[in-house]
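What follows is a set of notes on a single structure, which appears directly below.
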Amino acid sequence: MRTVPATAKERSFWAAFGPGLIFAGAAVGVSHLVQSTRAGAMFGLSMLLVVVVANVVKFPAFRFGPQYAAATGHSLLDGYRRQGRWTLIVFTLLTLATMFTITAVVTVVTAGVAIAVFGLEPLLASTVGSANGPVIVCALLLVLSAALLAGGGYVWLDRFIKIVMPVLTVCTVAAMWFALGRIDWSWGALVPSAAVFDTAGVVFCVALIGWMPSAIDISVWSSLWTVARAQQQGMKPEAHGVLLDFDVGYLATLLLGLAFVLLGTGMMYGQGLNFEDNTAKFAAQVIDLYTGTLGGWARPMIGTAAFLVMLSTSVTVIDAFPRVVAALVVQLRLAFTPSAALPDDPVPLEGDRRVYRISFAFLGAGALAILVWGTSSFTALVDLATTMSFLTAPVLSFFNHRAIHAPEVPRGQQPGSAMTAFSWVSIALQAAFALYFLWFKFGPAGA
């Protein structure tokens, strides 16, 4: 095999650098700020193992997204279409079933953080009422994000994430460091308590794993961002740089997930404290976790960082779903029009810009409808969205496995035997977890 000089590898990495960080920006949001912190507060250090297992089991499926894009120059959606219409239809239905709930969850958490950080509660209470305040802020976030992305697209998204993520990482690691002294590090603390295995514990673990580090859908998003980055650079994505970029982003999501579990453990575990079921009050509690360890002087910095990380998640999600819809429109047309010529240029395959922009309104309206007429419980809404992602994970992982091993992927750029076996084991474990949860929830034990 040809040895690539270090300088060439560095160039390929920096040319590809961006989609992996955007992946981290999308992942490090509700799953970390909300679910991981709750996990530590409720169950302590025993949740560290759950976070690690979730990240390890999902790794192949996530990595195959950018790997497929680097190998073929197209997104995973093109690989889904080549597997047959049914694959593309299943993914379309899964996307339509989750896109509004996911968008509603990330925007309402972002709204809650904004209300807590910027002290908007009195203003909202006196103008639109406390109950309507988060929905109004969500609507503003959706409009502003859509305007940002419709004008700048991937370029603006890339620049925005590269500013936000380093700030959050530094703040989180600093807060975690000061929280370590408050944690019981005995071996017994690592053993799951009986509460983990009761109904509420199992349901919570499923919700945690569903978005840890994120939903498998993001593998498709990553492939689309990889193609967009290549178009921005005016060159075909290079496999080494693309995979290194992804690995760095993925490792960051794992470490930050562990850090949030430690924060929740150090500040709330065993103290009889419970999280609020109101987004603004919940966000204020999370910010207090930071300032309780770093001191009151850090509150403005921590609050801003928490808002920026949730804003980054909202922006990436609001970019991703319209990007997916735009690409799906093209792929479905090709799937149901066999006589249509397949374009060689990846631009039309990855979606029409007009559909991308129109989809913002479609996505925003659906998300706001859920917030207005859906569940009134914040944590219930989060758990619903994450559980749906948990149950669909093995299906999407299987699709990704088939795509990366398809004939259109050059043999030299397909996964090796070890990664292939790892992928099969991961799919089997995800399917087993999903079936166990369904049996636990609806079988004789849960009836």
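Ordering of the structure tokens sets the chain letters (A, B, ...), residue numbers begin anew at 1 in every chain, and ligands are numbered from 1 in the order given.
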
Give me the residues within 8 Å of Ser214 of chain A as a PyMOL selection string, counting only C-alpha atoms and dropping any in the same chain fewer than 2 places off.
chain A and resi 26-27+31+210-212+216+218

All helix (DSSP H, G or I) positions in segment 232-416 of chain A, as a ChimeraX atom specification
/A:232-233,239-268,279-294,296-335,346-349,353-373,378-404,411-413

Leaving out Thr87 of chain A and any residue of its chain fewer than 4 positions from it, which residues lie within 10 Å of it when counting only C-alpha atoms, given as a ChimeraX atom specification?
/A:77,79-83,91-92,395-396,399

Excluding Ile89 of chain A and its own-chain neighbours fewer than 5 positions away, which residues fall within 10 Å of it when counting only C-alpha atoms? Please give them as a PyMOL selection string.
chain A and resi 80-81+84+94-95+328+332+335

Would you export the selected residues with C-alpha atoms as a compact mmCIF listing (two decimals), in the first residue's frame, please?
# COMPACT_ATOMS: atom_id res chain seq x y z
CA TYR A 80 -29.85 3.71 0.28
CA ARG A 81 -31.47 4.17 -3.13
CA GLY A 84 -33.75 -0.69 -3.42
CA LEU A 94 -38.40 7.30 9.79
CA THR A 95 -37.29 10.83 8.99
CA LEU A 328 -34.60 12.74 -0.57
CA LEU A 332 -37.06 9.35 -4.58
CA ALA A 335 -35.94 5.58 -7.48

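For the residues A:Leu88, A:Ile161, A:Ala259, A:Leu93, ranking by smallest atom-to-atom distance to Val52 of chain A using only C-alpha atoms places A:Ala259 first.
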
Would you pick out the contacts of Leu311 of chain A at 9 Å or less, using only C-alpha atoms, so that residues sharing its chain but fewer than 2 positions from it are not included, and give the list as a VMD selection string?
chain A and resid 29 106 to 107 110 to 111 141 145 306 to 309 313 to 316

One decimal, in Å: what's the spacing between atom CA of Ser417 of chain A and atom CA of Val242 of chain A?
20.3 Å

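The protein and nucleic acid residues lying at most 7 Å from segment 424-433 of chain A are Val57, Lys58, Ala393, Pro394, Ser397 and Phe398 of chain A, with only C-alpha atoms considered and sequence neighbours fewer than 5 positions away removed.
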
What's around segment 200-204 of chain A at 9 Å? Count only C-alpha atoms, leave out sequence neighbours fewer than 6 positions away in its own chain, and write the answer as a PyMOL selection string.
chain A and resi 35+39+43+194+383+387+437+440-441

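Each of A:Gly188, A:Gly303, A:Gly266, A:Gly249 was compared to Met165 of chain A using only C-alpha atoms, and A:Gly249 turns out to be the nearest.
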
Could you please determine the separation between atom CA of Leu49 of chain A and atom CA of Leu435 of chain A in Å, to one decimal place?
20.7 Å

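Minimum distance to Leu371 of chain A across A:Ser36, A:Ala104, A:Gly65, A:Val56 (counting only C-alpha atoms) occurs at A:Ala104.
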
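Nearest-residue note for Gly25 of chain A: choosing from A:Ile163, A:Ala179, A:Val113, A:Leu258, the minimum distance belongs to A:Ile163, counting only C-alpha atoms.
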